[in-house]
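Everything below belongs to coords_8.cif, which stores mmCIF, C-alpha atoms.
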```
data_coords
loop_
_atom_site.group_PDB
_atom_site.id
_atom_site.type_symbol
_atom_site.label_atom_id
_atom_site.label_comp_id
_atom_site.auth_asym_id
_atom_site.auth_seq_id
_atom_site.Cartn_x
_atom_site.Cartn_y
_atom_site.Cartn_z
ATOM 1 C CA MET A 1 111.284 96.097 76.650
ATOM 2 C CA HIS A 2 109.175 99.240 76.897
ATOM 3 C CA VAL A 3 111.060 102.133 78.499
ATOM 4 C CA PHE A 4 109.350 105.450 79.253
ATOM 5 C CA TYR A 5 111.009 108.834 79.613
ATOM 6 C CA SER A 6 109.785 112.325 80.509
ATOM 7 C CA ASP A 7 112.895 114.498 80.526
ATOM 8 C CA PRO A 8 112.386 116.999 77.649
ATOM 9 C CA PHE A 9 110.203 119.276 79.762
ATOM 10 C CA THR A 10 112.560 121.893 81.111
ATOM 11 C CA PHE A 11 111.519 124.880 83.156
ATOM 12 C CA PRO A 12 113.232 127.903 84.665
ATOM 13 C CA LEU A 13 115.054 127.041 87.877
ATOM 14 C CA PRO A 14 117.703 128.800 89.927
ATOM 15 C CA PRO A 15 121.045 126.951 89.894
ATOM 16 C CA GLU A 16 120.575 125.428 93.349
ATOM 17 C CA HIS A 17 117.455 123.584 92.145
ATOM 18 C CA ARG A 18 118.792 122.189 88.863
ATOM 19 C CA PHE A 19 120.918 119.272 89.990
ATOM 20 C CA PRO A 20 118.062 116.804 90.667
ATOM 21 C CA LEU A 21 116.855 116.928 87.035
ATOM 22 C CA ALA A 22 119.761 116.867 84.530
ATOM 23 C CA LYS A 23 120.345 113.166 85.204
ATOM 24 C CA TYR A 24 117.092 112.170 83.465
ATOM 25 C CA ARG A 25 118.035 113.807 80.180
ATOM 26 C CA LEU A 26 121.527 112.320 80.316
ATOM 27 C CA LEU A 27 120.127 108.852 81.009
ATOM 28 C CA ARG A 28 117.710 109.028 78.111
ATOM 29 C CA GLU A 29 120.500 110.235 75.783
ATOM 30 C CA ARG A 30 122.654 107.273 76.771
ATOM 31 C CA ILE A 31 119.905 104.757 76.155
ATOM 32 C CA GLU A 32 119.117 106.344 72.801
ATOM 33 C CA ARG A 33 122.643 105.356 71.793
ATOM 34 C CA TRP A 34 122.111 101.693 72.637
ATOM 35 C CA PRO A 35 122.018 99.388 69.595
ATOM 36 C CA ALA A 36 118.617 98.354 68.284
ATOM 37 C CA SER A 37 119.461 94.756 69.168
ATOM 38 C CA THR A 38 118.775 95.523 72.836
ATOM 39 C CA GLY A 39 115.076 95.632 71.996
ATOM 40 C CA VAL A 40 114.443 98.841 73.940
ATOM 41 C CA GLU A 41 111.479 100.896 72.765
ATOM 42 C CA LEU A 42 111.659 104.439 74.152
ATOM 43 C CA LEU A 43 108.254 106.029 74.711
ATOM 44 C CA LEU A 44 107.374 109.538 75.845
ATOM 45 C CA ALA A 45 105.514 109.552 79.139
ATOM 46 C CA PRO A 46 101.940 110.840 78.881
ATOM 47 C CA ARG A 47 100.442 113.254 81.392
ATOM 48 C CA ALA A 48 98.751 111.668 84.375
ATOM 49 C CA LEU A 49 95.040 112.457 84.316
ATOM 50 C CA ARG A 50 93.210 114.112 87.180
ATOM 51 C CA ASP A 51 91.081 111.028 87.864
ATOM 52 C CA GLU A 52 94.265 108.950 88.105
ATOM 53 C CA LEU A 53 95.862 111.357 90.579
ATOM 54 C CA LEU A 54 92.675 111.331 92.658
ATOM 55 C CA LEU A 55 93.114 107.607 93.247
ATOM 56 C CA VAL A 56 95.754 108.716 95.776
ATOM 57 C CA HIS A 57 95.783 112.487 96.205
ATOM 58 C CA THR A 58 93.143 114.850 97.541
ATOM 59 C CA ALA A 59 91.285 117.029 95.056
ATOM 60 C CA ASP A 60 92.194 120.164 97.008
ATOM 61 C CA TYR A 61 95.908 119.412 96.684
ATOM 62 C CA VAL A 62 95.807 118.389 93.003
ATOM 63 C CA ASP A 63 93.778 121.426 91.961
ATOM 64 C CA ALA A 64 95.726 123.933 94.055
ATOM 65 C CA PHE A 65 99.044 122.697 92.671
ATOM 66 C CA ALA A 66 97.789 122.823 89.080
ATOM 67 C CA ALA A 67 96.530 126.387 89.573
ATOM 68 C CA GLY A 68 99.638 127.622 91.334
ATOM 69 C CA ALA A 69 97.603 128.248 94.472
ATOM 70 C CA LEU A 70 99.651 126.282 97.016
ATOM 71 C CA SER A 71 101.116 128.271 99.874
ATOM 72 C CA ARG A 72 104.718 129.395 99.870
ATOM 73 C CA GLU A 73 105.356 126.944 102.717
ATOM 74 C CA ALA A 74 103.909 124.076 100.666
ATOM 75 C CA MET A 75 106.145 124.891 97.700
ATOM 76 C CA LEU A 76 109.213 125.215 99.928
ATOM 77 C CA ARG A 77 108.453 121.725 101.247
ATOM 78 C CA ILE A 78 108.401 120.434 97.657
ATOM 79 C CA GLY A 79 111.683 122.196 96.915
ATOM 80 C CA PHE A 80 110.892 123.738 93.512
ATOM 81 C CA PRO A 81 109.378 127.137 92.713
ATOM 82 C CA TRP A 82 105.971 126.816 91.046
ATOM 83 C CA SER A 83 105.633 127.340 87.304
ATOM 84 C CA PRO A 84 103.374 126.006 84.540
ATOM 85 C CA GLU A 85 106.370 123.995 83.341
ATOM 86 C CA LEU A 86 106.670 122.350 86.746
ATOM 87 C CA VAL A 87 103.028 121.289 86.472
ATOM 88 C CA GLU A 88 103.723 119.761 83.055
ATOM 89 C CA ARG A 89 106.822 117.998 84.331
ATOM 90 C CA SER A 90 105.015 116.658 87.405
ATOM 91 C CA LEU A 91 102.059 115.321 85.425
ATOM 92 C CA ARG A 92 104.363 113.496 83.030
ATOM 93 C CA SER A 93 106.599 112.312 85.859
ATOM 94 C CA CYS A 94 103.616 110.516 87.362
ATOM 95 C CA GLY A 95 102.161 109.612 83.977
ATOM 96 C CA GLY A 96 105.296 107.684 83.033
ATOM 97 C CA THR A 97 104.769 105.271 85.897
ATOM 98 C CA VAL A 98 101.057 104.967 85.110
ATOM 99 C CA ALA A 99 101.815 104.122 81.474
ATOM 100 C CA ALA A 100 104.568 101.681 82.470
ATOM 101 C CA THR A 101 102.136 100.002 84.848
ATOM 102 C CA ARG A 102 99.582 99.425 82.115
ATOM 103 C CA LEU A 103 102.214 97.936 79.819
ATOM 104 C CA ALA A 104 103.567 95.699 82.588
ATOM 105 C CA LEU A 105 100.050 94.382 83.175
ATOM 106 C CA GLN A 106 100.039 93.326 79.510
ATOM 107 C CA HIS A 107 103.654 92.275 78.980
ATOM 108 C CA GLY A 108 105.023 91.470 82.413
ATOM 109 C CA ALA A 109 107.583 94.259 82.860
ATOM 110 C CA ALA A 110 108.335 97.886 82.030
ATOM 111 C CA VAL A 111 110.929 100.507 82.961
ATOM 112 C CA TYR A 112 110.576 104.222 83.584
ATOM 113 C CA LEU A 113 113.647 106.464 83.383
ATOM 114 C CA ALA A 114 112.433 108.693 86.232
ATOM 115 C CA GLY A 115 109.810 108.311 88.964
ATOM 116 C CA GLY A 116 110.069 107.156 92.528
ATOM 117 C CA THR A 117 108.605 110.357 93.991
ATOM 118 C CA HIS A 118 107.966 108.611 97.287
ATOM 119 C CA HIS A 119 107.905 111.578 99.677
ATOM 120 C CA ALA A 120 104.609 112.922 98.312
ATOM 121 C CA ARG A 121 101.618 112.249 100.561
ATOM 122 C CA ALA A 122 97.926 112.370 99.744
ATOM 123 C CA ASP A 123 97.594 116.068 100.528
ATOM 124 C CA ARG A 124 101.085 117.480 100.050
ATOM 125 C CA GLY A 125 104.433 117.133 98.339
ATOM 126 C CA ALA A 126 107.938 117.110 99.794
ATOM 127 C CA GLY A 127 111.567 116.472 98.928
ATOM 128 C CA TYR A 128 111.322 117.172 95.152
ATOM 129 C CA CYS A 129 108.193 114.991 94.991
ATOM 130 C CA VAL A 130 104.861 116.469 93.844
ATOM 131 C CA PHE A 131 102.721 113.392 93.143
ATOM 132 C CA ASN A 132 103.449 109.886 94.414
ATOM 133 C CA ASP A 133 103.775 108.064 91.107
ATOM 134 C CA VAL A 134 104.169 104.530 92.456
ATOM 135 C CA ALA A 135 101.197 104.930 94.792
ATOM 136 C CA VAL A 136 99.099 106.001 91.816
ATOM 137 C CA GLY A 137 100.478 103.051 89.845
ATOM 138 C CA ALA A 138 99.468 100.647 92.619
ATOM 139 C CA ARG A 139 95.897 101.927 92.505
ATOM 140 C CA ILE A 140 95.894 101.623 88.703
ATOM 141 C CA VAL A 141 96.823 97.939 89.081
ATOM 142 C CA GLN A 142 93.920 97.420 91.454
ATOM 143 C CA ARG A 143 91.447 99.427 89.382
ATOM 144 C CA GLU A 144 92.312 98.019 85.971
ATOM 145 C CA SER A 145 93.190 94.384 86.617
ATOM 146 C CA ALA A 146 92.162 91.445 88.749
ATOM 147 C CA ARG A 147 95.403 91.771 90.720
ATOM 148 C CA ARG A 148 94.758 93.083 94.225
ATOM 149 C CA ARG A 149 97.953 92.528 96.210
ATOM 150 C CA VAL A 150 100.786 94.943 95.415
ATOM 151 C CA LEU A 151 104.308 95.039 96.846
ATOM 152 C CA ILE A 152 106.408 98.212 96.742
ATOM 153 C CA VAL A 153 110.143 97.547 97.130
ATOM 154 C CA ASP A 154 111.950 100.814 97.851
ATOM 155 C CA THR A 155 115.761 100.837 98.038
ATOM 156 C CA ASP A 156 116.179 104.587 97.621
ATOM 157 C CA VAL A 157 118.480 105.782 100.414
ATOM 158 C CA HIS A 158 115.657 107.923 101.824
ATOM 159 C CA GLN A 159 112.681 106.248 103.457
ATOM 160 C CA GLY A 160 109.538 106.132 101.329
ATOM 161 C CA ASP A 161 107.599 107.987 103.990
ATOM 162 C CA GLY A 162 104.904 109.331 101.701
ATOM 163 C CA THR A 163 104.169 105.886 100.288
ATOM 164 C CA ALA A 164 104.077 104.372 103.775
ATOM 165 C CA ALA A 165 101.659 107.054 104.976
ATOM 166 C CA ILE A 166 99.355 106.678 101.966
ATOM 167 C CA PHE A 167 98.987 102.918 102.436
ATOM 168 C CA ALA A 168 99.022 102.792 106.234
ATOM 169 C CA GLY A 169 96.351 100.363 107.357
ATOM 170 C CA ASP A 170 95.761 99.046 103.816
ATOM 171 C CA PRO A 171 96.624 95.335 103.704
ATOM 172 C CA SER A 172 96.362 95.219 99.908
ATOM 173 C CA VAL A 173 99.584 97.240 99.410
ATOM 174 C CA PHE A 174 102.739 96.175 101.260
ATOM 175 C CA THR A 175 105.466 98.813 101.638
ATOM 176 C CA PHE A 176 109.078 97.702 102.115
ATOM 177 C CA SER A 177 111.820 100.321 102.504
ATOM 178 C CA VAL A 178 115.607 99.857 102.873
ATOM 179 C CA HIS A 179 117.094 103.255 103.727
ATOM 180 C CA GLY A 180 119.633 105.209 105.713
ATOM 181 C CA SER A 181 118.627 105.605 109.337
ATOM 182 C CA GLU A 182 120.143 109.077 109.677
ATOM 183 C CA ASN A 183 118.838 110.526 106.448
ATOM 184 C CA PHE A 184 115.807 112.499 105.243
ATOM 185 C CA PRO A 185 113.067 112.567 106.374
ATOM 186 C CA ALA A 186 113.969 113.384 109.953
ATOM 187 C CA SER A 187 110.614 112.029 111.122
ATOM 188 C CA LYS A 188 110.062 108.618 109.536
ATOM 189 C CA ALA A 189 106.702 107.071 108.728
ATOM 190 C CA VAL A 190 106.021 103.389 109.452
ATOM 191 C CA SER A 191 106.245 101.068 106.450
ATOM 192 C CA ASP A 192 105.003 97.487 106.596
ATOM 193 C CA LEU A 193 108.702 96.585 106.681
ATOM 194 C CA ASP A 194 111.460 99.100 107.368
ATOM 195 C CA VAL A 195 115.173 98.259 107.294
ATOM 196 C CA ALA A 196 117.162 101.277 108.510
ATOM 197 C CA LEU A 197 120.920 101.147 107.950
ATOM 198 C CA PRO A 198 123.553 103.259 109.713
ATOM 199 C CA SER A 199 125.654 105.792 107.835
ATOM 200 C CA GLY A 200 128.706 104.248 106.197
ATOM 201 C CA THR A 201 127.075 100.863 105.546
ATOM 202 C CA GLY A 202 128.948 98.979 102.796
ATOM 203 C CA ASP A 203 128.102 96.450 100.132
ATOM 204 C CA ASP A 204 127.943 93.212 102.108
ATOM 205 C CA VAL A 205 125.659 94.422 104.874
ATOM 206 C CA TYR A 206 123.513 96.322 102.376
ATOM 207 C CA LEU A 207 123.013 93.378 100.035
ATOM 208 C CA ALA A 208 122.179 91.064 102.931
ATOM 209 C CA ALA A 209 119.579 93.582 104.131
ATOM 210 C CA VAL A 210 117.992 93.828 100.684
ATOM 211 C CA HIS A 211 117.976 90.045 100.252
ATOM 212 C CA ASP A 212 116.541 89.216 103.660
ATOM 213 C CA GLY A 213 114.025 92.045 103.589
ATOM 214 C CA LEU A 214 112.831 91.151 100.102
ATOM 215 C CA GLN A 215 112.284 87.519 101.065
ATOM 216 C CA GLN A 216 110.334 88.580 104.149
ATOM 217 C CA ALA A 217 108.264 91.103 102.185
ATOM 218 C CA LEU A 218 107.387 88.528 99.533
ATOM 219 C CA ARG A 219 106.442 85.964 102.150
ATOM 220 C CA ARG A 220 104.248 88.377 104.078
ATOM 221 C CA SER A 221 102.568 90.105 101.142
ATOM 222 C CA GLU A 222 102.173 87.290 98.569
ATOM 223 C CA PRO A 223 102.075 89.966 95.852
ATOM 224 C CA GLU A 224 100.529 89.817 92.416
ATOM 225 C CA PHE A 225 102.376 92.901 91.138
ATOM 226 C CA VAL A 226 105.602 94.619 92.244
ATOM 227 C CA PHE A 227 106.981 98.138 91.973
ATOM 228 C CA TYR A 228 110.736 98.504 92.431
ATOM 229 C CA LEU A 229 112.207 101.913 93.296
ATOM 230 C CA SER A 230 115.884 101.286 92.746
ATOM 231 C CA GLY A 231 117.650 104.507 93.729
ATOM 232 C CA ALA A 232 121.163 105.631 92.831
ATOM 233 C CA ASP A 233 121.594 107.543 96.079
ATOM 234 C CA PRO A 234 122.968 104.691 98.246
ATOM 235 C CA PHE A 235 126.138 105.148 96.112
ATOM 236 C CA ALA A 236 129.219 106.155 98.094
ATOM 237 C CA GLY A 237 129.686 109.272 95.948
ATOM 238 C CA ASP A 238 126.167 110.624 96.445
ATOM 239 C CA ARG A 239 126.021 114.041 98.063
ATOM 240 C CA LEU A 240 122.833 113.195 100.007
ATOM 241 C CA GLY A 241 123.256 109.466 100.563
ATOM 242 C CA ARG A 242 125.534 108.808 103.577
ATOM 243 C CA LEU A 243 125.826 105.096 102.736
ATOM 244 C CA ALA A 244 128.952 103.639 101.099
ATOM 245 C CA ILE A 245 127.657 101.301 98.406
ATOM 246 C CA SER A 246 129.774 100.758 95.292
ATOM 247 C CA LYS A 247 128.431 100.745 91.750
ATOM 248 C CA ALA A 248 129.073 96.999 91.681
ATOM 249 C CA GLY A 249 127.071 96.626 94.877
ATOM 250 C CA LEU A 250 124.123 98.537 93.434
ATOM 251 C CA LEU A 251 124.212 96.427 90.276
ATOM 252 C CA ALA A 252 124.198 93.288 92.451
ATOM 253 C CA ARG A 253 121.171 94.712 94.279
ATOM 254 C CA ASP A 254 119.297 95.249 91.010
ATOM 255 C CA ARG A 255 120.137 91.782 89.700
ATOM 256 C CA LEU A 256 119.030 90.256 92.995
ATOM 257 C CA VAL A 257 115.645 91.985 92.865
ATOM 258 C CA PHE A 258 114.984 91.295 89.183
ATOM 259 C CA ALA A 259 116.067 87.654 89.379
ATOM 260 C CA THR A 260 113.825 87.092 92.392
ATOM 261 C CA LEU A 261 110.822 88.601 90.625
ATOM 262 C CA ARG A 262 111.476 86.517 87.522
ATOM 263 C CA GLN A 263 111.758 83.309 89.550
ATOM 264 C CA ARG A 264 108.351 84.051 91.040
ATOM 265 C CA ARG A 265 106.873 85.065 87.656
ATOM 266 C CA LEU A 266 105.711 88.387 89.048
ATOM 267 C CA PRO A 267 104.923 91.357 86.785
ATOM 268 C CA TRP A 268 106.863 94.472 87.726
ATOM 269 C CA VAL A 269 107.663 98.093 86.993
ATOM 270 C CA THR A 270 110.965 99.656 87.957
ATOM 271 C CA VAL A 271 111.518 103.384 88.431
ATOM 272 C CA MET A 272 114.802 105.127 89.072
ATOM 273 C CA GLY A 273 114.291 106.771 92.483
ATOM 274 C CA GLY A 274 116.743 109.320 93.867
ATOM 275 C CA GLY A 275 120.296 110.067 92.829
ATOM 276 C CA TYR A 276 122.372 113.138 93.634
ATOM 277 C CA GLY A 277 125.922 112.203 92.783
ATOM 278 C CA LYS A 278 128.720 114.672 93.371
ATOM 279 C CA GLN A 279 129.462 113.830 89.749
ATOM 280 C CA VAL A 280 126.206 113.548 87.811
ATOM 281 C CA ASP A 281 127.723 110.871 85.558
ATOM 282 C CA ASP A 282 128.010 108.570 88.571
ATOM 283 C CA THR A 283 124.256 108.786 89.113
ATOM 284 C CA VAL A 284 123.608 108.167 85.430
ATOM 285 C CA ASP A 285 125.995 105.180 85.506
ATOM 286 C CA VAL A 286 123.958 103.594 88.296
ATOM 287 C CA TYR A 287 120.649 104.283 86.557
ATOM 288 C CA GLU A 288 121.910 102.895 83.252
ATOM 289 C CA ALA A 289 123.114 99.741 85.006
ATOM 290 C CA THR A 290 119.656 99.314 86.540
ATOM 291 C CA VAL A 291 118.069 99.439 83.090
ATOM 292 C CA ARG A 292 120.601 96.918 81.747
ATOM 293 C CA ALA A 293 119.905 94.611 84.687
ATOM 294 C CA ALA A 294 116.199 94.854 83.918
ATOM 295 C CA LEU A 295 116.851 93.857 80.311
ATOM 296 C CA GLU A 296 118.798 90.786 81.458
ATOM 297 C CA GLN A 297 115.560 89.440 82.920
#
```
Serialized structure, structure tokens:
Amino acid sequence: MHVFYSDPFTFPLPPEHRFPLAKYRLLRERIERWPASTGVELLLAPRALRDELLLVHTADYVDAFAAGALSREAMLRIGFPWSPELVERSLRSCGGTVAATRLALQHGAAVYLAGGTHHARADRGAGYCVFNDVAVGARIVQRESARRRVLIVDTDVHQGDGTAAIFAGDPSVFTFSVHGSENFPASKAVSDLDVALPSGTGDDVYLAAVHDGLQQALRRSEPEFVFYLSGADPFAGDRLGRLAISKAGLLARDRLVFATLRQRRLPWVTVMGGGYGKQVDDTVDVYEATVRAALEQ
């Protein structure tokens, strides 16, 4: 199994901005300790190229971000202060999904130990998301293979509003989001299929929602390639999540998705999505379990 990572690229951040990023390094360090018998091949994510980003994003936005010319308001919306290191990190964050997509087209599946930056829209970033990596990956599938119909399954606790906005009115990419109804963003976009769950939702209701929504999304989209944004932030101990899903429940979610895709012989890429545990190890536990569930398939 090919597994991409992009965590070594650190950059100066005030303490209040650091917590979204440490989890990626910790996850990669854990997987490095796995025995060789697991068959995991860790690969450094390449930078996304400008022409790849322009499959989704406007040239004005891509070039202004790279040059540090976005407005203060635009950077506040993203949530990180601009720096050259942030540009490097963002290019590799998107590039990991692009590279995983190309390998999944060849081998059937790939995993990326970051990604899921689903709040970024064509002309702006938001919510710690600069470029929409899965949207770019979907366009790579369509540009570089004969596969036209793409399904994006997003179980991050926050709605994939950027992804929904990018593909609004495009029948070739079906967006399915299971998320908290009372969570960010305050103003939701319209996915092809939205399942909004109330705060405090537990395992049974959550798993039924994922199962039923996935079956409906597959039936309606008849996909030829699938992206799965797993998300550790539905976990009960997540500081931004508001749902009450256990680690066992999230593992059951991952196994459900992967088993369904295998039964249908669909190629897929999985990315980690959000995770902001009160204890960072809880987030890393959920991510690591997602990778193990992927290997089971």
Nearest to Asp212 of chain A, chosen from A:Val178, A:Ala99, A:Leu240, A:Leu43, with only C-alpha atoms counted in the distances: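 Of A:Val178, A:Ala99, A:Leu240, A:Leu43, the one nearest Asp212 of chain A is A:Val178, counting only C-alpha atoms.
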Could you write out as a list in words the residues that the PyMOL selection byres ((chain A and resi 188) around 12) matches in the shown file?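 After applying the PyMOL selection byres ((chain A and resi 188) around 12), what remains is His119, His158, Gln159, Gly160, Asp161, Gly162, Thr163, Ala164, Ala165, Ser177, His179, Gly180, Ser181, Glu182, Asn183, Phe184, Pro185, Ala186, Ser187, Ala189, Val190, Ser191, Asp194, Val195 and Ala196 of chain A.
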Using all atoms listed in the file, determine which residues lie at most 10 Å from Leu21 of chain A, disregarding the query and same-chain residues fewer than 6 positions distant; provide the list as an NGL selection string. :A and (7 or 10 or 114 or 128 or 275-276 or 280)
Identify all residues satisfying the PyMOL selection byres ((chain A and resi 293) around 8) in the given file; provide them as a count of residues only. 12
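Of the residues listed (A:Val87, A:Leu113, A:Ile78, A:Leu256), A:Leu113 shows the shortest atom-to-atom separation from Glu29 of chain A; distances use only C-alpha atoms.
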Going by the chain IDs and residue numbers used in this file, which residues fall under the PyMOL selection byres ((chain A and resi 218) around 12)? Write them as JSON, numbers by chain. {"A": [149, 150, 151, 152, 153, 173, 174, 175, 176, 192, 193, 210, 211, 212, 213, 214, 215, 216, 217, 219, 220, 221, 222, 223, 224, 225, 226, 257, 260, 261, 264, 266]}
Kindly give the distance, in Å, that separates atom CA of Leu243 of chain A and atom CA of Lys278 of chain A, rounded to a single decimal.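 Computing the Euclidean distance for atom CA of Leu243 of chain A and atom CA of Lys278 of chain A yields 13.7 Å.
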12 Å contact set for Gly237 of chain A, only C-alpha atoms, chain neighbours under 2 positions out, as a VMD selection string: chain A and resid 200 232 to 235 239 to 247 275 to 283 285 to 286
Nearest residue to Gly108 of chain A from the set A:Pro267, A:Gly95, A:Gly169, A:Gly274 (distances using all atoms listed in the file): A:Pro267
Coordinates-based distance that separates atom CA of Leu49 of chain A from atom CA of Val111 of chain A (Å, one decimal): 19.9 Å
Which value, in Å to one decimal, gives the distance between atom CA of Glu52 of chain A and atom CA of Leu70 of chain A?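 Atom CA of Glu52 of chain A sits 20.2 Å away from atom CA of Leu70 of chain A.
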Which of these, A:Asp154, A:Glu144, A:Asp203, A:Asp133, has the shortest distance to Arg92 of chain A once you count all atoms listed in the file? A:Asp133
In terms of the shortest atom-to-atom distance over only C-alpha atoms, which of A:Arg143, A:Trp82, A:Leu229, A:Glu88 is closest to His118 of chain A?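 So, comparing all the options, the nearest one is A:Leu229.
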Using all atoms listed in the file, which residue out of A:Phe4, A:Ala208, A:Val284, A:Glu85 lies closest to Leu26 of chain A?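 Among the listed residues, the smallest separation from Leu26 of chain A belongs to A:Val284.
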